[in-house]
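Below: one structure, written as structure tokens.
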Amino acid sequence: MPVPVGREGNVQTAYVPCPSWCITDHSQRVGFLEDVNHSGQPAALSITTLHPARVPLSVSLSWWPALGDEGLDKPKLAVDLDSEVEVYDRTAALAMADQLVAFAEDVRRLAETLPDDSPSPVRSQADEALRRVRGEAV
């Protein structure tokens, strides 16, 4: 993949192998070869809330191939939590996934102890949405 690298007036083209999962537009000029980043399609968690402040959470594959000496010589899982990004290798990413599964099980266990929703149009829409998420017939 050709990538324009350098400052205005001194731009050169570097050819960087691009992984099949990368969705980055590499036609945009970067200042240094170390700035070349491959990013995959993000997966995001959205939680409906009445509070206007939201904390976005998304994950994607990410790789800075020219930063080999900084531990980013291979793709990592990038976790973006409210614009703070942390990267995880395979073992740490799988451990985090296990923690998320356990958390989801806790949420389900607690939710199932709640009393049934009172009949209302909102309930029927919520119930229909839940059935669709679970893949049940509507």
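Labels used: A, B, ... for chains in the order of the structure tokens, numbers from 1 for residues in each chain, and numbers from 1 for ligands as shown.
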
* **Filtered DSSP result for range 1-134 of chain A, state strand (DSSP E or B), as a ChimeraX atom specification** => /A:2-5,12-15,30,38-39,43-45,57-63,76-81,84-88

* List the neighbours of Gly68 in chain A out to 12 Å using only C-alpha atoms; skip same-chain residues closer than 6 positions along the sequence, and give me the result as a ChimeraX atom specification. => /A:33-34,74-75

Extract, using only C-alpha atoms, all DNA, RNA and protein residues at most 7 Å from range 76-92 of chain A, discarding same-chain residues fewer than 3 positions from it, and format them as a CSV table (one decimal) with N, CA, C and O atoms, in the first residue's frame.
chain,number,residue,atom,x,y,z
A,55,VAL,N,-20.2,7.0,28.1
A,55,VAL,CA,-18.8,6.6,28.0
A,55,VAL,C,-18.7,5.5,26.9
A,55,VAL,O,-19.1,4.4,27.1
A,56,PRO,N,-18.2,6.0,25.7
A,56,PRO,CA,-18.2,5.0,24.6
A,56,PRO,C,-17.1,3.9,24.8
A,56,PRO,O,-16.1,4.2,25.4
A,57,LEU,N,-17.4,2.7,24.4
A,57,LEU,CA,-16.4,1.7,24.5
A,57,LEU,C,-16.4,1.0,23.1
A,57,LEU,O,-17.4,0.6,22.6
A,58,SER,N,-15.2,0.9,22.5
A,58,SER,CA,-15.1,0.2,21.3
A,58,SER,C,-13.8,-0.6,21.3
A,58,SER,O,-12.8,-0.2,22.0
A,59,VAL,N,-13.7,-1.6,20.4
A,59,VAL,CA,-12.5,-2.4,20.3
A,59,VAL,C,-12.3,-2.6,18.8
A,59,VAL,O,-13.2,-2.6,18.0
A,60,SER,N,-11.0,-2.7,18.4
A,60,SER,CA,-10.7,-3.0,17.0
A,60,SER,C,-9.2,-3.5,17.0
A,60,SER,O,-8.5,-3.4,18.0
A,61,LEU,N,-8.9,-4.1,15.9
A,61,LEU,CA,-7.5,-4.5,15.7
A,61,LEU,C,-6.7,-3.3,15.3
A,61,LEU,O,-7.2,-2.4,14.7
A,62,SER,N,-5.5,-3.2,15.8
A,62,SER,CA,-4.6,-2.0,15.5
A,62,SER,C,-3.2,-2.5,15.4
A,62,SER,O,-2.8,-3.4,16.1
A,63,TRP,N,-2.4,-1.8,14.6
A,63,TRP,CA,-1.0,-2.2,14.4
A,63,TRP,C,-0.2,-1.0,13.8
A,63,TRP,O,-0.6,-0.4,12.9
A,95,ALA,N,-8.2,-12.7,28.2
A,95,ALA,CA,-8.6,-12.6,29.6
A,95,ALA,C,-9.6,-11.5,29.8
A,95,ALA,O,-10.6,-11.7,30.5
A,96,MET,N,-9.5,-10.4,29.0
A,96,MET,CA,-10.5,-9.4,29.1
A,96,MET,C,-11.9,-9.9,28.6
A,96,MET,O,-12.9,-9.6,29.2

* To do: Please give the complete set of residues from chain A that DSSP, run on the backbone, assigns to helix (DSSP H, G or I), formatted as an MDAnalysis selection string.
  => chainID A and resid 33:35 68:70 90:112 121:134

* **Residues within 8 Å of Ile23 in chain A, only C-alpha atoms, excluding chain neighbours under 4 positions, as a list in words** =>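 What passes the distance filter is His38, Ser39, Gly40 and Gln41 of chain A.
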
* Asked: Could you pull the residues within 8 Å of Gly31 in chain A, counting only C-alpha atoms, minus those fewer than 2 positions along the same chain, as a list in words?
  -> Val5, Gly6, Arg7, Arg29, Leu33 and Asp35 of chain A

* To do: Could you give me, as a list in words, the residues within 10 Å of His26 in chain A, counting only C-alpha atoms and dropping anything in the same chain fewer than 3 positions from it?
  =>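 Residues near the query, excluding close chain neighbours: Met1, Pro2, Val3, Pro4, Val16, Cys18, Cys22, Ile23, Arg29, Val30, Val36, Asn37 and His38 of chain A.
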
* **Between CA of Ala111 in chain A and CA of Thr48 in chain A, distance in Å (one decimal)** =>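 A separation of 15.4 Å between them.
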
* Using only C-alpha atoms: which of A:Pro65, A:Phe103, A:Pro42, A:Leu110 has the shortest distance to Pro19 in chain A -> A:Pro65

* Structure fact -> The distance between CA of Gln28 in chain A and CA of Glu8 in chain A is 12.3 Å
